[in-house]
Every structure is written in C-alpha cells, then in structure tokens.
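K.L.:
Structure file run38.csv, CSV, C-alpha atoms and all ligand atoms, is pasted below:
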```
chain,number,residue,atom,x,y,z
A,1,MET,CA,242.4,-24.7,165.0
A,2,SER,CA,241.6,-21.1,164.0
A,3,LYS,CA,239.0,-20.5,161.3
A,4,PRO,CA,240.1,-19.3,157.9
A,5,ARG,CA,239.8,-15.5,157.4
A,6,LEU,CA,237.8,-14.9,154.3
A,7,HIS,CA,237.2,-11.6,152.6
A,8,ILE,CA,233.9,-11.2,150.6
A,9,LEU,CA,233.8,-8.5,147.9
A,10,ALA,CA,230.3,-7.8,146.6
A,11,LEU,CA,229.9,-6.2,143.2
A,12,GLY,CA,226.2,-6.5,142.7
A,13,GLY,CA,224.1,-8.8,140.4
A,14,THR,CA,220.9,-10.7,141.0
A,15,ILE,CA,222.3,-12.1,144.3
A,16,ALA,CA,222.3,-8.5,145.6
A,17,THR,CA,218.9,-7.4,144.3
A,18,ARG,CA,215.7,-6.4,146.2
A,19,PRO,CA,212.3,-5.5,144.9
A,20,ASP,CA,211.4,-1.8,144.4
A,21,ALA,CA,207.9,-0.4,144.9
A,22,SER,CA,206.7,-1.8,141.6
A,23,GLY,CA,208.1,-5.2,142.4
A,24,ALA,CA,210.9,-5.0,139.9
A,25,MET,CA,214.3,-6.1,141.2
A,26,GLN,CA,216.9,-3.4,141.7
A,27,MET,CA,220.5,-3.7,142.8
A,28,GLY,CA,220.5,-2.7,146.4
A,29,LEU,CA,222.0,-5.3,148.8
A,30,GLY,CA,225.5,-5.0,150.1
A,31,ALA,CA,228.0,-7.5,151.3
A,32,ASP,CA,226.8,-7.4,154.9
A,33,ASP,CA,223.2,-8.3,153.7
A,34,LEU,CA,224.6,-11.3,151.8
A,35,VAL,CA,226.5,-12.5,154.8
A,36,ALA,CA,223.5,-11.9,157.1
A,37,ALA,CA,221.4,-14.2,154.9
A,38,VAL,CA,223.6,-17.2,155.7
A,39,PRO,CA,224.1,-17.3,159.5
A,40,LEU,CA,226.1,-20.6,159.1
A,41,LEU,CA,229.0,-18.7,157.5
A,42,GLY,CA,230.3,-17.4,160.9
A,43,ARG,CA,230.8,-21.0,162.1
A,44,LEU,CA,233.0,-21.9,159.1
A,45,ALA,CA,235.2,-18.8,158.8
A,46,GLU,CA,236.1,-15.3,160.0
A,47,VAL,CA,234.2,-13.3,157.4
A,48,GLU,CA,235.0,-9.8,156.4
A,49,ALA,CA,232.4,-8.3,154.0
A,50,GLU,CA,233.0,-5.4,151.7
A,51,THR,CA,230.6,-3.8,149.2
A,52,VAL,CA,232.6,-2.7,146.2
A,53,SER,CA,229.7,-1.7,144.0
A,54,ARG,CA,226.0,-2.4,143.4
A,55,VAL,CA,225.9,-2.9,139.7
A,56,GLY,CA,224.6,-5.5,137.3
A,57,SER,CA,227.5,-7.5,135.8
A,58,HIS,CA,226.3,-6.6,132.3
A,59,SER,CA,227.6,-3.0,133.1
A,60,LEU,CA,230.9,-3.9,134.7
A,61,SER,CA,234.0,-2.7,132.9
A,62,PHE,CA,237.5,-4.1,132.4
A,63,ASP,CA,238.8,-1.2,134.5
A,64,GLN,CA,236.6,-2.2,137.4
A,65,ILE,CA,237.9,-5.7,137.3
A,66,HIS,CA,241.5,-4.5,137.2
A,67,ALA,CA,240.8,-2.4,140.2
A,68,LEU,CA,239.3,-5.4,141.9
A,69,ALA,CA,242.4,-7.5,141.1
A,70,ALA,CA,244.6,-4.8,142.7
A,71,LYS,CA,242.4,-4.7,145.8
A,72,ILE,CA,242.5,-8.5,146.1
A,73,ARG,CA,246.3,-8.4,145.9
A,74,SER,CA,246.4,-5.9,148.7
A,75,LEU,CA,244.2,-8.0,151.1
A,76,LYS,CA,245.5,-10.1,153.9
A,77,ALA,CA,243.2,-13.1,153.9
A,78,ASP,CA,243.1,-16.9,153.6
A,79,GLY,CA,240.6,-16.8,150.8
A,80,ILE,CA,238.7,-14.3,148.6
A,81,LEU,CA,235.1,-14.5,147.5
A,82,VAL,CA,233.6,-12.2,144.9
A,83,THR,CA,229.9,-12.0,144.5
A,84,GLN,CA,228.5,-10.5,141.2
A,85,GLY,CA,225.9,-11.0,138.5
A,86,THR,CA,226.0,-14.1,136.4
A,87,ASP,CA,225.9,-12.4,133.0
A,88,THR,CA,229.6,-11.8,132.7
A,89,LEU,CA,231.0,-14.1,135.3
A,90,GLU,CA,232.6,-16.2,132.7
A,91,GLU,CA,234.6,-13.1,131.6
A,92,THR,CA,235.3,-11.4,134.9
A,93,GLY,CA,236.5,-14.7,136.4
A,94,PHE,CA,238.9,-15.3,133.5
A,95,LEU,CA,240.2,-11.8,133.7
A,96,LEU,CA,240.9,-12.2,137.5
A,97,ASP,CA,242.6,-15.5,136.7
A,98,LEU,CA,244.9,-13.7,134.2
A,99,MET,CA,245.6,-10.9,136.8
A,100,LEU,CA,246.1,-12.9,140.0
A,101,ASP,CA,248.8,-15.3,141.0
A,102,LEU,CA,247.9,-16.1,144.6
A,103,ASP,CA,248.2,-19.2,146.7
A,104,ILE,CA,244.9,-18.7,148.4
A,105,PRO,CA,241.5,-19.7,147.0
A,106,VAL,CA,239.8,-16.9,144.9
A,107,ILE,CA,236.2,-17.8,144.1
A,108,VAL,CA,233.5,-16.0,142.2
A,109,THR,CA,229.9,-16.8,142.9
A,110,ALA,CA,226.5,-15.4,142.0
A,111,ALA,CA,222.8,-16.3,141.8
A,112,MET,CA,220.3,-17.1,139.1
A,113,ARG,CA,217.2,-16.7,141.2
A,114,ASN,CA,216.7,-13.4,143.0
A,115,PRO,CA,216.1,-13.1,146.8
A,116,ALA,CA,212.3,-12.3,146.2
A,117,LEU,CA,211.7,-15.7,144.7
A,118,THR,CA,210.7,-18.8,146.8
A,119,SER,CA,214.0,-20.6,146.3
A,120,PRO,CA,216.8,-18.1,145.7
A,121,ASP,CA,220.1,-19.8,145.1
A,122,GLY,CA,222.3,-16.9,146.3
A,123,PRO,CA,222.6,-17.9,149.9
A,124,GLY,CA,223.3,-21.6,149.0
A,125,ASN,CA,225.9,-20.6,146.4
A,126,LEU,CA,227.6,-18.2,148.9
A,127,LEU,CA,227.7,-20.9,151.6
A,128,ALA,CA,229.0,-23.4,149.0
A,129,ALA,CA,231.7,-20.9,148.0
A,130,VAL,CA,232.7,-20.4,151.6
A,131,ARG,CA,232.9,-24.2,152.2
A,132,VAL,CA,235.1,-24.5,149.1
A,133,ALA,CA,237.4,-21.7,150.3
A,134,CYS,CA,237.8,-23.4,153.7
A,135,ASP,CA,238.3,-26.9,152.3
A,136,PRO,CA,241.8,-28.3,152.9
A,137,TRP,CA,242.3,-29.9,149.4
A,138,VAL,CA,241.2,-26.6,147.8
A,139,ARG,CA,243.6,-24.6,150.0
A,140,ALA,CA,246.5,-27.0,149.4
A,141,HIS,CA,245.9,-26.7,145.6
A,142,ALA,CA,244.8,-23.1,145.4
A,143,LYS,CA,247.6,-22.0,143.1
A,144,ALA,CA,247.1,-25.0,140.8
A,145,LEU,CA,243.3,-24.4,140.7
A,146,GLY,CA,243.5,-20.8,139.7
A,147,VAL,CA,240.4,-18.6,140.1
A,148,MET,CA,237.3,-20.7,140.6
A,149,ALA,CA,233.6,-20.2,140.1
A,150,VAL,CA,231.1,-22.0,142.4
A,151,MET,CA,227.6,-22.4,141.2
A,152,LEU,CA,224.9,-25.0,142.1
A,153,ASP,CA,227.3,-27.2,144.2
A,154,GLU,CA,229.9,-27.4,141.5
A,155,VAL,CA,233.4,-25.9,141.3
A,156,TYR,CA,234.6,-24.7,137.9
A,157,ALA,CA,237.8,-23.2,136.6
A,158,ALA,CA,237.1,-19.6,135.8
A,159,ALA,CA,239.2,-20.0,132.6
A,160,ASP,CA,236.8,-22.7,131.4
A,161,VAL,CA,233.4,-22.0,132.8
A,162,LEU,CA,230.6,-20.7,130.5
A,163,LYS,CA,227.1,-19.4,131.2
A,164,VAL,CA,225.2,-21.8,129.0
A,165,HIS,CA,221.6,-20.8,129.8
A,166,PRO,CA,220.0,-17.4,130.4
A,167,THR,CA,217.5,-18.3,133.2
A,168,ARG,CA,217.8,-21.9,134.5
A,169,LEU,CA,219.4,-22.7,137.9
A,170,ASP,CA,221.9,-24.9,136.2
A,171,ALA,CA,223.2,-22.1,134.0
A,172,PHE,CA,226.9,-22.8,134.3
A,173,ALA,CA,229.1,-25.5,132.9
A,174,SER,CA,232.6,-26.2,131.7
A,175,PRO,CA,231.7,-28.1,128.5
A,176,GLN,CA,235.4,-28.7,127.5
A,177,THR,CA,236.8,-29.8,130.8
A,178,GLY,CA,234.0,-30.5,133.3
A,179,PRO,CA,234.0,-29.4,137.0
A,180,LEU,CA,237.1,-29.3,139.3
A,181,ALA,CA,235.1,-30.5,142.2
A,182,ALA,CA,231.6,-31.2,143.5
A,183,LEU,CA,229.9,-30.5,146.8
A,184,VAL,CA,227.9,-33.3,148.4
A,185,GLU,CA,226.6,-33.5,152.0
A,186,ASP,CA,229.4,-31.7,153.9
A,187,ARG,CA,232.2,-32.8,151.6
A,188,ILE,CA,234.1,-31.2,148.7
A,189,VAL,CA,234.9,-34.1,146.2
A,190,PRO,CA,237.9,-33.2,144.1
A,191,MET,CA,237.5,-34.3,140.4
A,192,SER,CA,240.3,-32.7,138.4
A,193,LEU,CA,243.1,-30.2,138.4
A,194,PRO,CA,243.2,-27.7,135.4
A,195,VAL,CA,245.9,-27.7,132.8
A,196,ARG,CA,247.2,-24.1,133.2
A,197,ASP,CA,250.3,-23.9,131.1
A,198,ALA,CA,248.8,-21.5,128.5
A,199,ILE,CA,247.4,-19.3,131.2
A,200,GLU,CA,250.7,-19.2,133.1
A,201,ALA,CA,252.6,-18.3,129.9
A,202,ALA,CA,250.1,-15.6,129.1
A,203,ARG,CA,250.3,-14.2,132.6
A,204,THR,CA,254.1,-14.1,132.4
A,205,ARG,CA,253.9,-12.0,129.3
A,206,ILE,CA,251.1,-9.8,130.5
A,207,GLY,CA,252.5,-8.9,133.9
A,208,LYS,CA,250.1,-6.9,136.0
A,209,ALA,CA,248.7,-4.9,133.1
A,210,SER,CA,246.4,-2.8,135.3
A,211,GLY,CA,248.2,0.4,134.5
A,212,GLY,CA,247.3,0.4,130.8
A,213,ALA,CA,244.3,2.1,129.3
A,214,ALA,CA,241.2,0.3,128.1
A,215,GLN,CA,241.6,-1.2,124.6
A,216,PRO,CA,238.2,-1.8,122.9
A,217,VAL,CA,238.0,-5.2,121.2
A,218,ALA,CA,235.2,-5.9,118.7
A,219,LEU,CA,233.5,-9.3,118.8
A,220,LEU,CA,232.0,-10.2,115.5
A,221,TRP,CA,229.9,-13.3,115.3
A,222,MET,CA,230.0,-15.1,111.9
A,223,GLY,CA,226.6,-16.3,110.6
A,224,LEU,CA,225.3,-17.8,107.4
A,225,ASP,CA,226.0,-15.5,104.5
A,226,GLU,CA,227.7,-12.8,106.6
A,227,PRO,CA,228.8,-10.1,104.2
A,228,GLY,CA,231.5,-8.6,106.4
A,229,ARG,CA,230.2,-5.0,106.2
A,230,LEU,CA,230.9,-4.3,109.8
A,231,ILE,CA,234.5,-5.1,109.1
A,232,GLU,CA,234.5,-2.8,106.2
A,233,ALA,CA,233.1,0.0,108.5
A,234,MET,CA,235.8,-0.7,111.0
A,235,LEU,CA,238.5,-0.4,108.3
A,236,ALA,CA,236.9,2.8,106.9
A,237,ALA,CA,236.4,4.6,110.2
A,238,SER,CA,239.0,3.0,112.5
A,239,ASP,CA,239.9,6.3,114.2
A,240,ARG,CA,236.3,7.2,114.9
A,241,LEU,CA,235.3,3.7,116.1
A,242,GLY,CA,238.5,3.3,118.1
A,243,TYR,CA,238.7,-0.5,118.1
A,244,ARG,CA,242.2,-1.8,118.8
A,245,GLY,CA,241.5,-5.4,118.1
A,246,ALA,CA,238.9,-7.9,117.0
A,247,VAL,CA,237.7,-11.4,117.7
A,248,LEU,CA,235.9,-13.2,114.9
A,249,ALA,CA,233.6,-16.0,116.3
A,250,ALA,CA,234.2,-18.3,113.3
A,251,MET,CA,232.3,-21.3,112.0
A,252,GLY,CA,233.4,-24.9,112.7
A,253,GLY,CA,237.1,-25.5,112.9
A,254,GLY,CA,238.0,-21.8,112.0
A,255,HIS,CA,236.1,-20.8,108.9
A,256,ILE,CA,234.4,-17.7,107.7
A,257,PRO,CA,232.2,-17.0,104.6
A,258,GLU,CA,234.4,-16.8,101.5
A,259,ARG,CA,232.8,-13.5,100.5
A,260,MET,CA,234.3,-11.7,103.5
A,261,ALA,CA,237.7,-13.4,103.6
A,262,ASP,CA,239.4,-10.4,102.0
A,263,SER,CA,237.9,-8.0,104.5
A,264,ALA,CA,239.0,-10.2,107.4
A,265,VAL,CA,242.6,-10.4,106.1
A,266,ARG,CA,242.7,-6.6,105.7
A,267,LEU,CA,241.3,-6.2,109.3
A,268,ALA,CA,244.1,-8.5,110.5
A,269,ALA,CA,246.6,-6.2,108.8
A,270,ALA,CA,245.1,-3.2,110.6
A,271,MET,CA,244.8,-4.6,114.1
A,272,PRO,CA,245.3,-7.9,116.0
A,273,THR,CA,242.4,-10.1,114.9
A,274,VAL,CA,241.7,-13.4,116.7
A,275,VAL,CA,239.7,-16.3,115.2
A,276,SER,CA,237.8,-18.2,117.9
A,277,PRO,CA,235.2,-21.0,117.5
A,278,ARG,CA,231.5,-19.9,117.6
A,279,ALA,CA,230.8,-23.5,118.6
A,280,GLY,CA,231.8,-22.5,122.1
A,281,GLY,CA,235.3,-23.7,122.5
A,282,GLY,CA,238.1,-25.4,120.6
A,283,PRO,CA,240.6,-26.6,119.8
A,284,MET,CA,240.2,-25.5,116.2
A,285,LEU,CA,241.7,-26.9,113.0
A,286,ARG,CA,245.0,-25.6,111.7
A,287,GLN,CA,245.9,-27.5,108.5
A,288,THR,CA,242.9,-29.5,107.1
A,289,TYR,CA,240.9,-27.4,104.6
A,290,ALA,CA,241.9,-25.5,101.5
A,291,GLY,CA,240.2,-22.4,100.1
A,292,PRO,CA,240.4,-18.6,100.6
A,293,SER,CA,238.5,-18.6,103.9
A,294,SER,CA,239.8,-21.9,105.4
A,295,GLU,CA,241.9,-22.1,108.4
A,296,ILE,CA,245.1,-22.7,106.3
A,297,ALA,CA,244.5,-19.5,104.3
A,298,LEU,CA,243.5,-17.4,107.3
A,299,ARG,CA,246.4,-18.4,109.4
A,300,LYS,CA,248.8,-17.8,106.6
A,301,ALA,CA,247.3,-14.3,106.0
A,302,GLY,CA,248.0,-13.3,109.6
A,303,LEU,CA,244.8,-14.0,111.6
A,304,ILE,CA,245.7,-15.1,115.1
A,305,TRP,CA,244.4,-18.5,116.1
A,306,GLY,CA,242.4,-18.5,119.4
A,307,GLY,CA,243.0,-22.1,120.2
A,308,ARG,CA,240.5,-23.6,122.6
A,309,LEU,CA,239.3,-20.3,123.9
A,310,ASN,CA,235.6,-19.5,123.6
A,311,PRO,CA,235.1,-16.1,121.8
A,312,LEU,CA,234.2,-14.3,125.0
A,313,LYS,CA,237.3,-15.5,126.7
A,314,ALA,CA,239.4,-14.8,123.6
A,315,ARG,CA,238.1,-11.2,123.7
A,316,VAL,CA,239.1,-10.9,127.4
A,317,LEU,CA,242.6,-12.2,126.7
A,318,LEU,CA,243.1,-9.9,123.6
A,319,GLU,CA,242.0,-6.8,125.6
A,320,THR,CA,244.4,-7.8,128.3
A,321,CYS,CA,247.3,-8.3,125.9
A,322,LEU,CA,246.6,-5.0,124.2
A,323,ARG,CA,246.3,-3.2,127.5
A,324,ALA,CA,249.7,-4.6,128.5
A,325,GLY,CA,251.2,-3.2,125.3
A,326,LEU,CA,252.1,-6.5,123.8
A,327,ALA,CA,253.1,-6.5,120.1
A,328,ARG,CA,251.0,-8.5,117.5
A,329,ASP,CA,253.6,-11.3,117.3
A,330,THR,CA,253.7,-11.8,121.0
A,331,ILE,CA,249.9,-11.8,121.2
A,332,ALA,CA,249.9,-14.5,118.5
A,333,GLU,CA,252.3,-16.6,120.7
A,334,VAL,CA,250.1,-16.1,123.8
A,335,PHE,CA,247.1,-17.4,121.9
A,336,ASP,CA,249.0,-20.1,120.2
A,337,ALA,CA,249.6,-21.8,123.5
A,338,PHE,CA,245.9,-22.3,123.9
A,339,GLY,CA,246.0,-25.0,121.2
A,401,LIG,N1,222.2,-8.9,134.4
A,401,LIG,C1,222.4,-8.9,135.9
A,401,LIG,C2,223.8,-9.2,136.2
A,401,LIG,O1,224.6,-9.9,135.5
A,401,LIG,C3,221.5,-9.9,136.6
A,401,LIG,C4,221.8,-11.3,136.2
A,401,LIG,C5,222.4,-12.1,137.3
A,401,LIG,O2,223.0,-11.7,138.2
A,401,LIG,O3,222.1,-13.3,137.2
A,401,LIG,O4,224.2,-8.7,137.2
```
The structure in this file should be written as structure tokens.
Ligand code: GLU
P.N.:
Amino acid sequence: MSKPRLHILALGGTIATRPDASGAMQMGLGADDLVAAVPLLGRLAEVEAETVSRVGSHSLSFDQIHALAAKIRSLKADGILVTQGTDTLEETGFLLDLMLDLDIPVIVTAAMRNPALTSPDGPGNLLAAVRVACDPWVRAHAKALGVMAVMLDEVYAAADVLKVHPTRLDAFASPQTGPLAALVEDRIVPMSLPVRDAIEAARTRIGKASGGAAQPVALLWMGLDEPGRLIEAMLAASDRLGYRGAVLAAMGGGHIPERMADSAVRLAAAMPTVVSPRAGGGPMLRQTYAGPSSEIALRKAGLIWGGRLNPLKARVLLETCLRAGLARDTIAEVFDAFG
C-alpha cells in the first residue's frame, strides 16, 4: 500500500527556534529542518515540507491564517500538518476549522520546549501528528473530526482545545469535552467524535470569508469592580479606535458589574457585542437571574450570547462573521447555536 502524502506547513513558533549568539531563542528553523529532526517520518508518509513564515504565533494575523486556509484548500495531499507557536494555537486552529471543509486530516502541532533544551517536545509532537494523520480511523472520520491539534500524545478538536498553562509540557487541554484520541505505543486510540452542528451551521453562513477585510474585535475581560471606562472610550472614539465588534469575558453564567451595565448595553447598540464566560467555557445561563446586569437583562438588551465558546474562540468567530459581512441578527443566530 502506498504511503499517505502529507504536506507540512511551518509558520514558526518555539518548535522552529534556534539559539542566537547570546543564547536567546530566535525564530529560524524552516519546515525542512523540522522534518530532518524526525527521520522516522519518511517511513510513515511521503512528506512535502514548506516554510510559510518564521514568526512567533503571538504575532500572526487573521489575514495570515485566511491565506493559509486558501493555500491548504489548493493542495493535493492526503493530510495537512501545520506547525506553529503554541501561544495562539487555540485561536488559529479554530479559525482554520471555520474556514476548511475537507475530508482529509488537518492537524496543528507545536512545541512547549525549544530545540536547545534537553528534552524538546517538537520532534515528538510532529511525529505524533504524522501518525495521527496516517491513522485509518482518523482518515475515515476526518470530516467529522474537523481540524485537530496534537500535543503531548493527545488529539484535540481545534474548536475546543485551550492553552491552559504558559510553560508546562502539558499545556493543552479540552476542559469541556476531553480529547478525541490518545496515542499509546504505536496505536491511536479513538475516544470521541466532536459535536459539530454549531460549527457547520456557522460555516454555512460564513462561506469562505477570506476576501473580506480585517474587522478588529475588542476583548474586554470583566473583573471585580470593573467600571467600564474602556467601553465608554470605545463609544466616544469609535471611528478613531476602529473596533467593529466586542467580546465581553463575563463573570459566572453571563454577568457583568451592575455599574457598567448601561455602557455594555450602549456598546451592543453600537456594534455586535458578544458575552462569553471568563470561566473558560460555557454553556452560560439564559434565564435564571434578575437585575440590570444579569443574563436575562443583558440578553433582552441585545447582547449576543456566546454559548459554550471561550472568550478567545468567541472573538475569532465574531471577527470571522464580521469579515464575512454578516448582519447583527445573523451573527446572533450563529452564536446561539453554540448553546
Ligand atoms: N510566543 C511564541 C509563539 O507562540 C513561542 C511560544 C511557543 O511556540 O510555544 O510562537
């Protein structure tokens, strides 16, 4: 049987760093270097490696990921692997998932420990990602699995995975749903298939969206006694600041401090404003609490309910909806499907 043809696209990140003269790690390695570090890859797959960029994922843009999605759509391969930094993997992976509708595995992987350390995880993660991409169960269910992230011998849905620690090796998890599969010995052990109805519905409305211009979305984290002055500044200088939408990372089941409720309601009248749980993921409440900044009041006043989406994922989805030119009510329907 012929080996699967995999295309590796390298964006940068810790997995692609090397030390400079001072010993500090700089972006520098390309896709060929990453492949050369794992000689076993050639036994599993026909690998084509391409360096797309050499940047830290903290500096990637929505535009770059849209261009990447277009490139992926144009490739003839049995599977796609993207290597990048870990910092925004939970966002870029979700955006790719919204943009791509392929029946081949698309996997994002990265490294927490750089190549100069004694036990870098990049080569192992790349090998694991290749094994996942070649696995018969994964290939048979590629469409149902959506874009995946492979880190530390676990396979996650890009739509659910979160970076939950800044430095530890086990920095990734899907707290709401758990992993899709695990790697053990030479096996991929399937564990679950994701529920993707809301993503599919969103994708149908969004289309390919890559033609649209960037739509800045503010992410405002609600903390104890937050006065809401940034929202007032956004309302006062909306042309200068240029934000087209906002995500409020709200407390608990969807609450914000009462003192800023009026500002939030006026913001929602000025631009699509999504409420998403700062606790990391939903679902949120819809009809439990009374009061001017409760979920009942905020929903009635026109704030869009982010459902189970974590604030970072909600921001990605809102930018994508705005870029696609969706109207506020359609955006609300897209989010509503997320519970
Ligand atoms: N901040 C860099 C990035 O996201 C390095 C972090 C990493 O790759 O783990 O690319």
K.L.:
Which residues, written as an NGL selection string, have at least one atom at most 9 Å from Ala301 of chain A, with only C-alpha atoms counted and residues fewer than 6 positions away on the same chain left out?
P.N.:
:A and (265-266 or 268-269)
K.L.:
For Val38 of chain A, list every protein, DNA or RNA residue within 9 Å, evaluated using only C-alpha atoms, and leave out those in the same chain fewer than 3 positions away; present the list as number ranges by chain.
P.N.:
A: 34-35, 41-42, 123-124, 126-127
K.L.:
Quote the spacing between atom C5 of ligand LIG 401 (chain A) and atom CA of Arg113 of chain A in Å to one decimal place.
P.N.:
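Computing it gives 8.0 Å between the two atoms.
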K.L.:
For ligand LIG 401 (chain A), which of A:Glu91, A:Glu50, A:Glu226, A:Glu258 is the closest residue, counting only C-alpha atoms and all ligand atoms?
P.N.:
A:Glu91
K.L.:
List as a PyMOL selection string the protein and nucleic acid residues lying within 12 Å of ligand LIG 401 (chain A), with all atoms listed in the file counted.
P.N.:
chain A and resi 10-18+25-28+53-60+83-92+109-115+120-122+151+163+165-172
K.L.:
Please provide the set of residues having any atom within 8 Å of segment 79-82 of chain A, restricted to only C-alpha atoms, with same-chain residues fewer than 6 positions apart removed, written as a list in words.
P.N.:
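The residues that qualify are Pro4, Arg5, Leu6, His7, Ile8, Leu9, Ala10, Leu11, Ile72, Ile104, Pro105, Val106, Ile107, Val108, Thr109, Ala129, Val130, Ala133 and Cys134 of chain A.
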K.L.:
Create the file for the chosen residues now, containing C-alpha atoms and written as a CSV table (one decimal), in the coordinates of the input.
P.N.:
```csv
chain,number,residue,atom,x,y,z
A,4,PRO,CA,240.1,-19.3,157.9
A,5,ARG,CA,239.8,-15.5,157.4
A,6,LEU,CA,237.8,-14.9,154.3
A,7,HIS,CA,237.2,-11.6,152.6
A,8,ILE,CA,233.9,-11.2,150.6
A,9,LEU,CA,233.8,-8.5,147.9
A,10,ALA,CA,230.3,-7.8,146.6
A,11,LEU,CA,229.9,-6.2,143.2
A,72,ILE,CA,242.5,-8.5,146.1
A,104,ILE,CA,244.9,-18.7,148.4
A,105,PRO,CA,241.5,-19.7,147.0
A,106,VAL,CA,239.8,-16.9,144.9
A,107,ILE,CA,236.2,-17.8,144.1
A,108,VAL,CA,233.5,-16.0,142.2
A,109,THR,CA,229.9,-16.8,142.9
A,129,ALA,CA,231.7,-20.9,148.0
A,130,VAL,CA,232.7,-20.4,151.6
A,133,ALA,CA,237.4,-21.7,150.3
A,134,CYS,CA,237.8,-23.4,153.7
```
K.L.:
Quick one: everything within 12 Å of Glu185 of chain A, counting all atoms listed in the file, minus sequence neighbours fewer than 3 positions away in the same chain. Send it as a list of chain:residue names.
P.N.:
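Residues near the query, excluding close chain neighbours: A:Ala128, A:Arg131, A:Asp153, A:Ala182, A:Ile188, A:Val189.
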K.L.:
Can you tell me how far atom CA of Ala69 of chain A sits from atom CA of Met99 of chain A, in Å to one decimal?
P.N.:
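Going from atom CA of Ala69 of chain A over to atom CA of Met99 of chain A covers 6.3 Å.
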K.L.:
Closest to Met1 of chain A among A:Ala24, A:Ala314, A:Ala45, A:Asp32, using all atoms listed in the file?
P.N.:
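Using all atoms listed in the file, Met1 of chain A sits closest to A:Ala45.
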K.L.:
Which polymer residues have any atom within 9 Å of an atom of Leu68 of chain A, counting only C-alpha atoms, with same-chain residues fewer than 3 positions away left out, as a list of chain:residue names?
P.N.:
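Close residues of Leu68 of chain A: A:Leu9, A:Val52, A:Asp63, A:Gln64, A:Ile65, A:Lys71, A:Ile72, A:Arg73, A:Leu96.
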K.L.:
Between A:Gly280, A:Ile206, A:Leu183, A:Tyr243, which residue has the minimum interatomic distance to Trp221 of chain A, considering all atoms listed in the file?
P.N.:
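Closest to Trp221 of chain A of all the choices is A:Gly280.
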K.L.:
So how many Å separate atom CA of Leu326 of chain A and atom CA of Ser238 of chain A, to one decimal?
P.N.:
19.7 Å
K.L.:
I need the residue nearest Gly254 of chain A from this list: A:Leu298, A:Leu219, A:Ala237, A:Val132. Use all atoms listed in the file for the distance.
P.N.:
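For Gly254 of chain A, the nearest of the given residues is A:Leu298.
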K.L.:
For His141 of chain A, which residue among A:Thr51, A:Ser192, A:Thr204, A:Thr320 is the nearest when counting all atoms listed in the file?
P.N.:
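Residue with the minimum atom-to-atom distance to His141 of chain A: A:Ser192.
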K.L.:
Sorted by chain and rising residue number, list the residues of segment 128-232 of chain A at most 12 Å from segment 303-308 of chain A (counting all atoms listed in the file), each with its closest atom pair and distance in Å to one decimal, as JSON lines.
P.N.:
```
{"residue": "A:Ala159", "atom": "CA", "partner": "A:Arg308", "partner_atom": "CA", "distance": 10.7}
{"residue": "A:Asp160", "atom": "CA", "partner": "A:Arg308", "partner_atom": "CA", "distance": 9.6}
{"residue": "A:Pro175", "atom": "CA", "partner": "A:Arg308", "partner_atom": "CA", "distance": 11.5}
{"residue": "A:Gln176", "atom": "CA", "partner": "A:Arg308", "partner_atom": "CA", "distance": 8.7}
{"residue": "A:Thr177", "atom": "CA", "partner": "A:Arg308", "partner_atom": "CA", "distance": 10.9}
{"residue": "A:Ala198", "atom": "CA", "partner": "A:Gly307", "partner_atom": "CA", "distance": 10.1}
{"residue": "A:Ile199", "atom": "CA", "partner": "A:Arg308", "partner_atom": "CA", "distance": 11.8}
```
K.L.:
Around (235.0, -19.6, 107.8), as given in the file, which residues come within 10 Å? Count only C-alpha atoms and list them as a list in words.
P.N.:
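Answer for this query, in the requested form: Met222, Gly223, Leu224, Leu248, Ala249, Ala250, Met251, Gly252, Gly253, Gly254, His255, Ile256, Pro257, Glu258, Arg259, Met260, Ala261, Val275, Pro277, Gly291, Pro292, Ser293, Ser294, Glu295 and Leu298 of chain A.
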K.L.:
Would you mind telling me which residue in A:Ala142, A:Met191, A:Leu312, A:Leu180 lies nearest to Ala218 of chain A when using all atoms listed in the file?
P.N.:
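Smallest distance to Ala218 of chain A is found for A:Leu312.
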K.L.:
Could you please fill out segment 332-336 of chain A with all heavy atoms and send it back as a PDB file, in the coordinates of the input?
P.N.:
```pdb
ATOM      1  N   ALA A 332     250.122 -13.245 119.261  1.00  0.00           N
ATOM      2  CA  ALA A 332     249.900 -14.500 118.500  1.00  0.00           C
ATOM      3  C   ALA A 332     250.497 -15.687 119.290  1.00  0.00           C
ATOM      4  O   ALA A 332     249.897 -16.759 119.369  1.00  0.00           O
ATOM      5  CB  ALA A 332     250.495 -14.401 117.123  1.00  0.00           C
ATOM      6  N   GLU A 333     251.662 -15.476 119.893  1.00  0.00           N
ATOM      7  CA  GLU A 333     252.300 -16.600 120.700  1.00  0.00           C
ATOM      8  C   GLU A 333     251.463 -16.884 121.920  1.00  0.00           C
ATOM      9  O   GLU A 333     251.309 -18.054 122.282  1.00  0.00           O
ATOM     10  CB  GLU A 333     253.695 -16.133 121.124  1.00  0.00           C
ATOM     11  CG  GLU A 333     254.741 -16.270 120.034  1.00  0.00           C
ATOM     12  CD  GLU A 333     256.051 -15.605 120.434  1.00  0.00           C
ATOM     13  OE1 GLU A 333     256.358 -15.544 121.654  1.00  0.00           O
ATOM     14  OE2 GLU A 333     256.741 -15.136 119.527  1.00  0.00           O
ATOM     15  N   VAL A 334     250.935 -15.834 122.565  1.00  0.00           N
ATOM     16  CA  VAL A 334     250.100 -16.100 123.800  1.00  0.00           C
ATOM     17  C   VAL A 334     248.906 -16.938 123.393  1.00  0.00           C
ATOM     18  O   VAL A 334     248.601 -17.931 124.067  1.00  0.00           O
ATOM     19  CB  VAL A 334     249.626 -14.702 124.348  1.00  0.00           C
ATOM     20  CG1 VAL A 334     248.501 -14.905 125.354  1.00  0.00           C
ATOM     21  CG2 VAL A 334     250.791 -13.969 124.994  1.00  0.00           C
ATOM     22  N   PHE A 335     248.240 -16.601 122.286  1.00  0.00           N
ATOM     23  CA  PHE A 335     247.100 -17.400 121.900  1.00  0.00           C
ATOM     24  C   PHE A 335     247.447 -18.768 121.399  1.00  0.00           C
ATOM     25  O   PHE A 335     246.719 -19.740 121.616  1.00  0.00           O
ATOM     26  CB  PHE A 335     246.275 -16.620 120.795  1.00  0.00           C
ATOM     27  CG  PHE A 335     245.328 -15.603 121.362  1.00  0.00           C
ATOM     28  CD1 PHE A 335     245.713 -14.287 121.539  1.00  0.00           C
ATOM     29  CD2 PHE A 335     244.044 -15.983 121.751  1.00  0.00           C
ATOM     30  CE1 PHE A 335     244.841 -13.371 122.076  1.00  0.00           C
ATOM     31  CE2 PHE A 335     243.161 -15.063 122.285  1.00  0.00           C
ATOM     32  CZ  PHE A 335     243.556 -13.742 122.447  1.00  0.00           C
ATOM     33  N   ASP A 336     248.594 -18.866 120.741  1.00  0.00           N
ATOM     34  CA  ASP A 336     249.000 -20.100 120.200  1.00  0.00           C
ATOM     35  C   ASP A 336     249.119 -21.225 121.258  1.00  0.00           C
ATOM     36  O   ASP A 336     248.849 -22.397 121.010  1.00  0.00           O
ATOM     37  CB  ASP A 336     250.384 -19.956 119.500  1.00  0.00           C
ATOM     38  CG  ASP A 336     250.668 -21.073 118.529  1.00  0.00           C
ATOM     39  OD1 ASP A 336     249.839 -21.255 117.613  1.00  0.00           O
ATOM     40  OD2 ASP A 336     251.687 -21.771 118.715  1.00  0.00           O
TER      41      ASP A 336
END
```
